[in-house]
>>> print(open('upload_26.txt').read())   # compact mmCIF, C-alpha atoms
# COMPACT_ATOMS: atom_id res chain seq x y z
CA MET A 950 26.96 161.80 115.37
CA PRO A 951 25.54 160.93 118.82
CA ALA A 952 27.90 158.00 119.46
CA PHE A 953 30.93 160.28 119.07
CA VAL A 954 29.75 163.17 121.25
CA ASP A 955 31.79 162.12 124.30
CA LEU A 956 34.89 161.50 122.18
CA TYR A 957 34.66 164.96 120.63
CA LYS A 958 33.93 166.53 124.03
CA ALA A 959 37.14 164.93 125.29
CA GLY A 960 39.02 167.01 122.72
CA CYS A 961 39.38 164.61 119.80
CA ARG A 962 39.60 166.71 116.64
CA PRO A 963 40.04 164.99 113.25
CA ARG A 964 40.97 167.64 110.69
CA HIS A 965 41.11 167.99 106.93
CA GLY A 966 44.50 167.29 105.40
CA GLU A 967 45.66 165.18 108.35
CA VAL A 968 46.26 161.48 109.00
CA VAL A 969 44.23 159.70 111.69
CA MET A 970 45.37 156.28 112.90
CA VAL A 971 42.86 153.85 114.45
CA ALA A 972 44.73 151.03 116.18
CA GLY A 973 43.57 148.05 118.19
CA ARG A 974 44.15 144.39 118.86
CA SER A 975 42.70 141.62 116.70
CA GLY A 976 38.91 141.29 116.80
CA THR A 977 38.20 144.79 118.10
CA GLN A 978 35.86 145.89 115.28
CA LYS A 979 38.37 148.38 113.85
CA SER A 980 36.89 148.05 110.35
CA GLY A 981 33.33 148.35 111.66
CA PHE A 982 34.27 151.41 113.72
CA ALA A 983 35.96 153.13 110.77
CA LEU A 984 33.11 152.30 108.40
CA PHE A 985 30.46 153.54 110.83
CA TRP A 986 32.44 156.72 111.55
CA VAL A 987 32.85 157.54 107.87
CA ALA A 988 29.21 156.72 107.11
CA GLN A 989 28.12 159.06 109.91
CA MET A 990 30.35 161.83 108.57
CA ASN A 991 28.41 161.49 105.30
CA LEU A 992 31.23 163.13 103.34
CA PRO A 993 32.46 162.02 99.89
CA SER A 994 34.80 159.17 100.84
CA LEU A 995 37.06 156.60 99.24
CA TYR A 996 37.56 153.39 101.24
CA PHE A 997 40.39 150.98 100.38
CA SER A 998 39.66 147.61 101.93
CA ALA A 999 41.94 144.58 102.00
CA ASP A 1000 40.08 143.03 104.95
CA MET A 1001 36.47 143.10 103.70
CA SER A 1002 34.87 141.69 100.58
CA ALA A 1003 32.45 143.81 98.55
CA PHE A 1004 29.53 141.79 99.92
CA THR A 1005 30.67 142.24 103.53
CA ALA A 1006 31.10 146.00 103.12
CA SER A 1007 27.70 146.34 101.42
CA SER A 1008 26.05 144.19 104.08
CA ARG A 1009 27.50 146.29 106.88
CA LEU A 1010 26.33 149.53 105.30
CA ALA A 1011 22.85 148.15 104.69
CA SER A 1012 22.67 146.88 108.27
CA MET A 1013 23.59 150.34 109.54
CA GLU A 1014 20.83 151.94 107.50
CA THR A 1015 18.02 149.43 108.08
CA GLY A 1016 18.79 148.20 111.58
CA ASP A 1017 18.58 144.58 110.42
CA THR A 1018 21.30 142.19 111.51
CA THR A 1019 23.81 140.87 109.00
CA GLU A 1020 22.15 137.46 109.31
CA GLU A 1021 18.72 138.92 108.48
CA LEU A 1022 20.20 140.85 105.59
CA GLU A 1023 21.88 137.79 104.08
CA ALA A 1024 18.59 135.86 104.28
CA GLY A 1025 16.71 138.76 102.67
CA MET A 1026 19.21 139.09 99.84
CA ALA A 1027 19.01 135.35 99.19
CA SER A 1028 15.20 135.44 99.05
CA GLY A 1029 15.24 138.25 96.48
CA GLY A 1030 12.19 140.28 95.55
CA GLU A 1031 11.15 143.17 97.79
CA HIS A 1032 13.62 142.20 100.50
CA ARG A 1033 16.56 142.46 98.14
CA GLU A 1034 15.24 145.72 96.71
CA ARG A 1035 14.90 147.21 100.21
CA TYR A 1036 18.54 146.54 100.99
CA LEU A 1037 19.73 147.86 97.66
CA GLN A 1038 17.71 151.03 98.22
CA ALA A 1039 19.35 151.44 101.63
CA LEU A 1040 22.74 151.78 99.90
CA ASN A 1041 21.63 154.53 97.51
CA GLY A 1042 22.37 157.39 99.89
CA SER A 1043 25.92 156.31 100.72
CA ASN A 1044 28.76 158.69 99.89
CA ILE A 1045 31.38 155.94 100.22
CA THR A 1046 33.18 154.57 97.16
CA PHE A 1047 35.00 151.29 97.78
CA SER A 1048 38.14 149.79 96.33
CA PHE A 1049 38.79 146.14 97.17
CA GLY A 1050 41.87 144.02 96.82
CA SER A 1051 44.83 142.70 98.77
CA PRO A 1052 47.52 143.81 99.00
CA ILE A 1053 46.83 147.52 98.62
CA SER A 1054 49.26 148.92 96.05
CA TRP A 1055 50.19 152.48 95.15
CA ARG A 1056 49.30 151.77 91.54
CA GLN A 1057 45.80 150.81 92.70
CA ILE A 1058 45.57 154.00 94.76
CA ASP A 1059 46.72 156.19 91.85
CA GLU A 1060 44.21 154.58 89.48
CA GLU A 1061 41.32 154.84 91.94
CA MET A 1062 42.12 158.48 92.71
CA GLU A 1063 42.28 159.32 89.01
CA ALA A 1064 38.95 157.57 88.41
CA TYR A 1065 37.36 159.34 91.38
CA VAL A 1066 38.47 162.77 90.17
CA GLU A 1067 37.36 161.94 86.62
CA LEU A 1068 33.90 160.98 87.91
CA TRP A 1069 33.33 163.68 90.53
CA ASP A 1070 35.74 166.47 89.49
CA CYS A 1071 37.09 166.70 93.05
CA TYR A 1072 39.11 164.74 95.57
CA PRO A 1073 37.36 162.67 98.22
CA GLU A 1074 37.12 164.44 101.57
CA VAL A 1075 37.89 161.26 103.50
CA ILE A 1076 40.20 158.40 102.47
CA VAL A 1077 40.35 155.17 104.50
CA PHE A 1078 43.06 152.51 104.28
CA ASP A 1079 42.16 149.18 105.92
CA ASN A 1080 44.85 148.46 106.95
CA LEU A 1081 48.54 149.49 107.09
CA MET A 1082 49.91 145.94 107.17
CA ASP A 1083 47.89 145.06 104.05
CA PHE A 1084 49.91 147.45 101.90
CA ASP A 1085 52.14 145.73 99.37
CA GLY A 1086 55.37 144.72 101.14
CA ALA A 1087 54.35 146.20 104.51
CA GLU A 1088 53.15 143.07 106.31
CA SER A 1089 56.26 142.82 108.47
CA ASP A 1090 58.80 145.22 106.96
CA TYR A 1091 59.28 148.29 109.15
CA THR A 1092 60.93 150.26 106.35
CA ALA A 1093 57.96 149.59 104.06
CA GLN A 1094 55.54 150.61 106.81
CA MET A 1095 57.42 153.87 107.32
CA GLU A 1096 57.22 154.50 103.58
CA VAL A 1097 53.44 153.96 103.74
CA MET A 1098 53.19 156.50 106.56
CA SER A 1099 55.20 159.01 104.56
CA ASN A 1100 53.12 158.47 101.43
CA VAL A 1101 49.71 158.68 103.14
CA THR A 1102 50.83 161.90 104.85
CA GLU A 1103 51.80 163.33 101.46
CA LEU A 1104 48.44 162.19 100.06
CA ALA A 1105 46.56 163.95 102.86
CA ARG A 1106 48.51 167.17 102.26
CA ALA A 1107 48.08 167.07 98.48
CA THR A 1108 44.35 166.32 98.48
CA GLY A 1109 43.22 168.04 101.68
CA ALA A 1110 41.46 164.81 102.64
CA THR A 1111 41.28 163.36 106.13
CA VAL A 1112 43.13 160.05 105.79
CA ILE A 1113 42.10 157.32 108.25
CA LEU A 1114 44.63 154.50 108.51
CA LEU A 1115 43.84 151.31 110.44
CA HIS A 1116 46.64 149.47 112.21
CA HIS A 1117 47.27 146.65 114.71
CA ALA A 1118 48.34 146.69 118.35
CA SER A 1119 50.20 143.84 120.01
CA ASP A 1120 48.21 140.81 121.19
CA LYS A 1121 51.26 139.41 122.99
CA SER A 1122 52.14 142.13 125.47
CA TRP A 1123 51.65 141.70 129.20
CA GLU A 1124 48.90 144.34 129.10
CA ALA A 1125 47.04 142.49 126.35
CA LYS A 1126 46.89 139.39 128.52
CA ALA A 1127 46.21 141.12 131.83
CA ASP A 1128 43.52 143.56 130.62
CA PRO A 1129 42.47 142.59 127.08
CA TRP A 1130 39.39 144.83 126.99
CA ALA A 1131 41.30 148.05 127.69
CA PRO A 1132 42.54 150.20 124.79
CA PRO A 1133 46.23 149.50 124.15
CA SER A 1134 48.68 152.19 125.18
CA ARG A 1135 50.65 154.02 122.51
CA ASP A 1136 53.75 151.88 123.02
CA GLN A 1137 51.73 148.72 122.24
CA ILE A 1138 50.86 149.89 118.72
CA LYS A 1139 53.04 147.91 116.35
CA GLY A 1140 56.19 149.50 114.98
CA GLY A 1141 55.84 152.67 117.02
CA LEU A 1142 53.98 154.09 114.04
CA SER A 1143 51.32 155.87 116.10
CA GLU A 1144 53.89 158.66 116.60
CA LYS A 1145 53.61 159.72 112.96
CA PRO A 1146 49.94 160.72 112.43
CA GLU A 1147 48.54 163.97 113.77
CA LEU A 1148 45.87 161.97 115.62
CA SER A 1149 46.09 158.37 116.87
CA LEU A 1150 43.17 156.54 118.46
CA SER A 1151 43.40 153.29 120.40
CA VAL A 1152 40.27 151.11 120.51
CA ALA A 1153 39.07 148.04 122.41
CA LEU A 1154 35.86 146.02 122.58
CA ASP A 1155 34.58 144.17 125.65
CA PRO A 1156 32.78 141.20 124.04
CA MET A 1157 30.62 140.60 127.12
CA SER A 1158 29.21 144.08 127.75
CA LEU A 1159 29.81 145.33 124.18
CA ASP A 1160 31.40 148.45 125.67
CA TYR A 1161 33.59 150.08 123.05
CA ARG A 1162 36.46 152.11 124.48
CA VAL A 1163 38.31 154.76 122.51
CA ALA A 1164 41.44 156.53 123.76
CA VAL A 1165 43.28 159.44 122.16
CA VAL A 1166 46.90 158.32 122.55
CA LYS A 1167 48.47 160.98 120.32
CA GLN A 1168 47.15 164.35 119.14
CA ARG A 1169 49.33 167.09 117.80
CA MET A 1170 46.92 169.91 118.57
CA GLY A 1171 44.88 168.72 121.51
CA PRO A 1172 44.76 166.55 124.64
CA SER A 1173 45.98 162.97 124.59
CA ASP A 1174 47.01 160.20 126.97
CA PRO A 1175 49.73 157.84 125.71
CA THR A 1176 48.87 155.33 128.48
CA ALA A 1177 45.27 155.03 127.11
CA ARG A 1178 43.94 154.99 130.67
CA SER A 1179 41.77 157.99 129.86
CA TYR A 1180 39.16 156.87 127.35
CA THR A 1181 35.57 157.44 126.31
CA THR A 1182 33.03 154.67 126.00
CA MET A 1183 30.28 153.95 123.50
CA ARG A 1184 28.20 150.84 122.91
CA CYS A 1185 28.83 148.53 119.95
CA GLU A 1186 26.33 146.42 118.02
CA PRO A 1187 28.58 144.17 115.90
CA SER A 1188 25.65 142.40 114.23
CA ARG A 1189 24.40 145.74 112.87
CA THR A 1190 27.74 147.61 112.60
CA ARG A 1191 26.27 150.33 114.80
CA PHE A 1192 27.67 152.35 117.69
CA HIS A 1193 25.62 154.18 120.30
CA PRO A 1194 26.13 156.72 123.09
CA TYR A 1195 27.09 154.83 126.23
CA VAL A 1196 24.33 156.15 128.49
CA LEU A 1197 21.52 155.80 125.97
CA TYR A 1198 22.02 152.20 124.92
CA PRO A 1199 20.63 149.74 127.50
CA ARG A 1200 22.51 146.66 128.58
CA ASN A 1201 21.08 143.29 127.57
>>> encode(input="upload_26.txt", output="structure tokens")
Amino acid sequence: MPAFVDLYKAGCRPRHGEVVMVAGRSGTQKSGFALFWVAQMNLPSLYFSADMSAFTASSRLASMETGDTTEELEAGMASGGEHRERYLQALNGSNITFSFGSPISWRQIDEEMEAYVELWDCYPEVIVFDNLMDFDGAESDYTAQMEVMSNVTELARATGATVILLHHASDKSWEAKADPWAPPSRDQIKGGLSEKPELSLSVALDPMSLDYRVAVVKQRMGPSDPTARSYTTMRCEPSRTRFHPYVLYPRN
């Protein structure tokens, strides 16, 4: 995974059976980052999405594989024929199974896990929840959010899967207004919930340069910086849901 080399060199270590939080402010491509990361892992994965539709998720995956923009993909799908077939073929190699619906409920999770095990005779190796505040009852209730954290931790332990949980950081803090393109510090992540996972990442996107900054703000068994001033940088292509090593992707 070339785009993640610097992040891993900085000591970031996602592990099996642990919870990883990816937090950022609104509009920072959290879903795109998580989807690209999981696609690059190429492990059997189950992705619960309350933010994306099935068409959006499929379009993003096909864009990753073909290099076509989402706009080009939508035009090709609409025209049908060989263009449509090309995009459908691009999805064949994906190891990601999606579950859509908002809010995310524990009944939905139980049913999807049972179906996954019935189909593949194993647990997924990666489970993604997009995002914490889209769980049933957890939009603004701290107690419900803490229950989600407890349950996803138990799920990670029981299945051995790496659980990636997306979450929001404050858009209203002084730091968000003064330096909006910097990754939010750990204390800006809503509800203080970044303390609970074994690994918490803070992300930010500069919309002008398309620099994508990732800080490790909490890591139980490795280096971290709760201020998020130490971060690694990659380049983001939102139109293709792709991320690139910082030094290898030329500026426009």
>>> residues_around(input="upload_26.txt", residues="Glu1063 of chain A", least_positions_apart="6", cutoff="12 Å", atoms="all atoms listed in the file", output="ChimeraX atom specification")
/A:995,1056-1057,1069-1073,1108
>>> write_last_selection(input="upload_26.txt", atoms="C-alpha atoms", output="mmCIF file, keeping the file's coordinate frame")
data_model
loop_
_atom_site.group_PDB
_atom_site.id
_atom_site.type_symbol
_atom_site.label_atom_id
_atom_site.label_comp_id
_atom_site.auth_asym_id
_atom_site.auth_seq_id
_atom_site.Cartn_x
_atom_site.Cartn_y
_atom_site.Cartn_z
ATOM 1 C CA LEU A 995 37.060 156.600 99.240
ATOM 2 C CA ARG A 1056 49.300 151.770 91.540
ATOM 3 C CA GLN A 1057 45.800 150.810 92.700
ATOM 4 C CA TRP A 1069 33.330 163.680 90.530
ATOM 5 C CA ASP A 1070 35.740 166.470 89.490
ATOM 6 C CA CYS A 1071 37.090 166.700 93.050
ATOM 7 C CA TYR A 1072 39.110 164.740 95.570
ATOM 8 C CA PRO A 1073 37.360 162.670 98.220
ATOM 9 C CA THR A 1108 44.350 166.320 98.480
#
>>> residues_around(input="upload_26.txt", residues="Ser1099 of chain A", least_positions_apart="4", cutoff="12 Å", atoms="all atoms listed in the file", output="MDAnalysis selection string")
chainID A and resid 967:968 1081 1092:1095 1103:1106 1142 1145:1146
>>> closest_atom_pairs(input="upload_26.txt", of="segment 992-1052 of chain A", to="segment 1165-1189 of chain A", cutoff="9 Å", atoms="all atoms listed in the file", output="CSV")
residue,atom,partner,partner_atom,distance
A:Arg1009,CA,A:Arg1189,CA,6.8
A:Leu1010,CA,A:Arg1189,CA,8.7
A:Ala1011,CA,A:Arg1189,CA,8.7
A:Ser1012,CA,A:Arg1189,CA,5.0
A:Met1013,CA,A:Arg1189,CA,5.7
A:Glu1014,CA,A:Arg1189,CA,8.9
A:Thr1015,CA,A:Arg1189,CA,8.8
A:Gly1016,CA,A:Arg1189,CA,6.3
A:Asp1017,CA,A:Arg1189,CA,6.4
A:Thr1018,CA,A:Arg1189,CA,4.9
A:Thr1019,CA,A:Ser1188,CA,5.8
A:Glu1020,CA,A:Ser1188,CA,7.8
>>> closest_residue(input="upload_26.txt", among="A:Asn991, A:Ser998, A:Ser1043, A:Asn1100", to="Val1077 of chain A", atoms="all atoms listed in the file")
A:Ser998
>>> atom_distance(input="upload_26.txt", atom1="atom CA of Lys1121 of chain A", atom2="atom CA of Tyr1195 of chain A")
28.9 Å
>>> closest_residue(input="upload_26.txt", among="A:Tyr1036, A:Arg974, A:Ala952, A:Glu1074", to="Ala1131 of chain A", atoms="all atoms listed in the file")
A:Arg974
>>> closest_residue(input="upload_26.txt", among="A:Ile1113, A:Ala1127, A:Val954, A:Ile1138", to="Val1196 of chain A", atoms="only C-alpha atoms")
A:Val954
>>> closest_residue(input="upload_26.txt", among="A:Val1101, A:Met950, A:Met1082, A:Leu1154", to="Asp1059 of chain A", atoms="all atoms listed in the file")
A:Val1101
>>> closest_residue(input="upload_26.txt", among="A:Gly960, A:Gly1025, A:Pro1132, A:Gly966", to="Thr1102 of chain A", atoms="only C-alpha atoms")
A:Gly966
>>> atom_distance(input="upload_26.txt", atom1="atom CA of Met970 of chain A", atom2="atom CA of Glu1144 of chain A")
9.6 Å
>>> closest_residue(input="upload_26.txt", among="A:Val1163, A:Val987, A:Asp1155, A:Trp1055", to="Ser1134 of chain A", atoms="all atoms listed in the file")
A:Val1163
>>> atom_distance(input="upload_26.txt", atom1="atom CA of His1117 of chain A", atom2="atom CA of Pro1194 of chain A")
24.9 Å
>>> decode(input="upload_26.txt", residues="segment 965-978 of chain A", atoms="all heavy atoms", output="PDB file, in the first residue's frame")
ATOM      1  N   HIS A 965      -5.174  -7.086  14.310  1.00  0.00           N
ATOM      2  CA  HIS A 965      -6.364  -7.931  14.370  1.00  0.00           C
ATOM      3  C   HIS A 965      -6.957  -7.892  15.778  1.00  0.00           C
ATOM      4  O   HIS A 965      -6.237  -7.842  16.775  1.00  0.00           O
ATOM      5  CB  HIS A 965      -6.033  -9.376  14.001  1.00  0.00           C
ATOM      6  CG  HIS A 965      -5.760  -9.583  12.546  1.00  0.00           C
ATOM      7  ND1 HIS A 965      -6.721  -9.427  11.570  1.00  0.00           N
ATOM      8  CD2 HIS A 965      -4.624  -9.928  11.888  1.00  0.00           C
ATOM      9  CE1 HIS A 965      -6.200  -9.679  10.386  1.00  0.00           C
ATOM     10  NE2 HIS A 965      -4.931  -9.976  10.548  1.00  0.00           N
ATOM     11  N   GLY A 966      -8.275  -7.905  15.852  1.00  0.00           N
ATOM     12  CA  GLY A 966      -8.954  -7.972  17.132  1.00  0.00           C
ATOM     13  C   GLY A 966      -8.982  -6.659  17.878  1.00  0.00           C
ATOM     14  O   GLY A 966      -9.335  -6.629  19.056  1.00  0.00           O
ATOM     15  N   GLU A 967      -8.636  -5.559  17.192  1.00  0.00           N
ATOM     16  CA  GLU A 967      -8.628  -4.253  17.836  1.00  0.00           C
ATOM     17  C   GLU A 967      -9.536  -3.272  17.104  1.00  0.00           C
ATOM     18  O   GLU A 967      -9.910  -3.488  15.945  1.00  0.00           O
ATOM     19  CB  GLU A 967      -7.206  -3.690  17.896  1.00  0.00           C
ATOM     20  CG  GLU A 967      -6.278  -4.483  18.791  1.00  0.00           C
ATOM     21  CD  GLU A 967      -4.925  -3.842  18.952  1.00  0.00           C
ATOM     22  OE1 GLU A 967      -4.587  -2.918  18.184  1.00  0.00           O
ATOM     23  OE2 GLU A 967      -4.184  -4.271  19.866  1.00  0.00           O
ATOM     24  N   VAL A 968      -9.892  -2.197  17.795  1.00  0.00           N
ATOM     25  CA  VAL A 968     -10.741  -1.151  17.221  1.00  0.00           C
ATOM     26  C   VAL A 968      -9.866   0.026  16.795  1.00  0.00           C
ATOM     27  O   VAL A 968      -9.009   0.486  17.557  1.00  0.00           O
ATOM     28  CB  VAL A 968     -11.798  -0.668  18.242  1.00  0.00           C
ATOM     29  CG1 VAL A 968     -12.637   0.461  17.646  1.00  0.00           C
ATOM     30  CG2 VAL A 968     -12.690  -1.827  18.669  1.00  0.00           C
ATOM     31  N   VAL A 969     -10.075   0.483  15.565  1.00  0.00           N
ATOM     32  CA  VAL A 969      -9.376   1.643  15.018  1.00  0.00           C
ATOM     33  C   VAL A 969     -10.415   2.731  14.760  1.00  0.00           C
ATOM     34  O   VAL A 969     -11.399   2.499  14.052  1.00  0.00           O
ATOM     35  CB  VAL A 969      -8.653   1.301  13.705  1.00  0.00           C
ATOM     36  CG1 VAL A 969      -7.962   2.540  13.131  1.00  0.00           C
ATOM     37  CG2 VAL A 969      -7.660   0.160  13.901  1.00  0.00           C
ATOM     38  N   MET A 970     -10.209   3.910  15.345  1.00  0.00           N
ATOM     39  CA  MET A 970     -11.100   5.035  15.062  1.00  0.00           C
ATOM     40  C   MET A 970     -10.451   5.958  14.042  1.00  0.00           C
ATOM     41  O   MET A 970      -9.256   6.271  14.138  1.00  0.00           O
ATOM     42  CB  MET A 970     -11.421   5.816  16.339  1.00  0.00           C
ATOM     43  CG  MET A 970     -12.301   7.053  16.092  1.00  0.00           C
ATOM     44  SD  MET A 970     -12.795   7.903  17.618  1.00  0.00           S
ATOM     45  CE  MET A 970     -14.098   6.800  18.189  1.00  0.00           C
ATOM     46  N   VAL A 971     -11.224   6.374  13.029  1.00  0.00           N
ATOM     47  CA  VAL A 971     -10.790   7.396  12.075  1.00  0.00           C
ATOM     48  C   VAL A 971     -11.723   8.583  12.258  1.00  0.00           C
ATOM     49  O   VAL A 971     -12.923   8.486  11.992  1.00  0.00           O
ATOM     50  CB  VAL A 971     -10.845   6.884  10.625  1.00  0.00           C
ATOM     51  CG1 VAL A 971     -10.455   8.002   9.656  1.00  0.00           C
ATOM     52  CG2 VAL A 971      -9.933   5.676  10.440  1.00  0.00           C
ATOM     53  N   ALA A 972     -11.175   9.700  12.745  1.00  0.00           N
ATOM     54  CA  ALA A 972     -12.001  10.861  13.067  1.00  0.00           C
ATOM     55  C   ALA A 972     -11.534  12.077  12.284  1.00  0.00           C
ATOM     56  O   ALA A 972     -10.340  12.255  12.031  1.00  0.00           O
ATOM     57  CB  ALA A 972     -11.941  11.154  14.565  1.00  0.00           C
ATOM     58  N   GLY A 973     -12.485  12.911  11.903  1.00  0.00           N
ATOM     59  CA  GLY A 973     -12.153  14.141  11.195  1.00  0.00           C
ATOM     60  C   GLY A 973     -13.366  15.048  11.144  1.00  0.00           C
ATOM     61  O   GLY A 973     -14.485  14.645  11.464  1.00  0.00           O
ATOM     62  N   ARG A 974     -13.124  16.267  10.720  1.00  0.00           N
ATOM     63  CA  ARG A 974     -14.222  17.217  10.584  1.00  0.00           C
ATOM     64  C   ARG A 974     -15.053  16.886   9.342  1.00  0.00           C
ATOM     65  O   ARG A 974     -14.687  16.039   8.532  1.00  0.00           O
ATOM     66  CB  ARG A 974     -13.665  18.638  10.503  1.00  0.00           C
ATOM     67  CG  ARG A 974     -12.837  19.026  11.731  1.00  0.00           C
ATOM     68  CD  ARG A 974     -12.415  20.489  11.699  1.00  0.00           C
ATOM     69  NE  ARG A 974     -11.605  20.785  12.865  1.00  0.00           N
ATOM     70  CZ  ARG A 974     -10.279  20.851  12.874  1.00  0.00           C
ATOM     71  NH1 ARG A 974      -9.611  20.646  11.744  1.00  0.00           N
ATOM     72  NH2 ARG A 974      -9.615  21.117  13.980  1.00  0.00           N
ATOM     73  N   SER A 975     -16.170  17.583   9.187  1.00  0.00           N
ATOM     74  CA  SER A 975     -17.055  17.357   8.047  1.00  0.00           C
ATOM     75  C   SER A 975     -16.307  17.635   6.739  1.00  0.00           C
ATOM     76  O   SER A 975     -15.495  18.562   6.660  1.00  0.00           O
ATOM     77  CB  SER A 975     -18.272  18.277   8.130  1.00  0.00           C
ATOM     78  OG  SER A 975     -18.981  18.047   9.324  1.00  0.00           O
ATOM     79  N   GLY A 976     -16.565  16.802   5.733  1.00  0.00           N
ATOM     80  CA  GLY A 976     -15.995  17.033   4.408  1.00  0.00           C
ATOM     81  C   GLY A 976     -14.542  16.661   4.264  1.00  0.00           C
ATOM     82  O   GLY A 976     -13.873  17.148   3.341  1.00  0.00           O
ATOM     83  N   THR A 977     -14.038  15.800   5.134  1.00  0.00           N
ATOM     84  CA  THR A 977     -12.615  15.444   5.069  1.00  0.00           C
ATOM     85  C   THR A 977     -12.367  14.070   4.443  1.00  0.00           C
ATOM     86  O   THR A 977     -11.320  13.462   4.666  1.00  0.00           O
ATOM     87  CB  THR A 977     -11.971  15.496   6.467  1.00  0.00           C
ATOM     88  OG1 THR A 977     -12.744  14.710   7.385  1.00  0.00           O
ATOM     89  CG2 THR A 977     -11.895  16.922   6.980  1.00  0.00           C
ATOM     90  N   GLN A 978     -13.312  13.560   3.667  1.00  0.00           N
ATOM     91  CA  GLN A 978     -13.128  12.300   2.937  1.00  0.00           C
ATOM     92  C   GLN A 978     -12.859  11.118   3.865  1.00  0.00           C
ATOM     93  O   GLN A 978     -12.091  10.211   3.522  1.00  0.00           O
ATOM     94  CB  GLN A 978     -11.984  12.441   1.925  1.00  0.00           C
ATOM     95  CG  GLN A 978     -12.283  13.335   0.739  1.00  0.00           C
ATOM     96  CD  GLN A 978     -13.240  12.682  -0.247  1.00  0.00           C
ATOM     97  OE1 GLN A 978     -13.130  11.488  -0.550  1.00  0.00           O
ATOM     98  NE2 GLN A 978     -14.176  13.468  -0.747  1.00  0.00           N
TER      99      GLN A 978
END
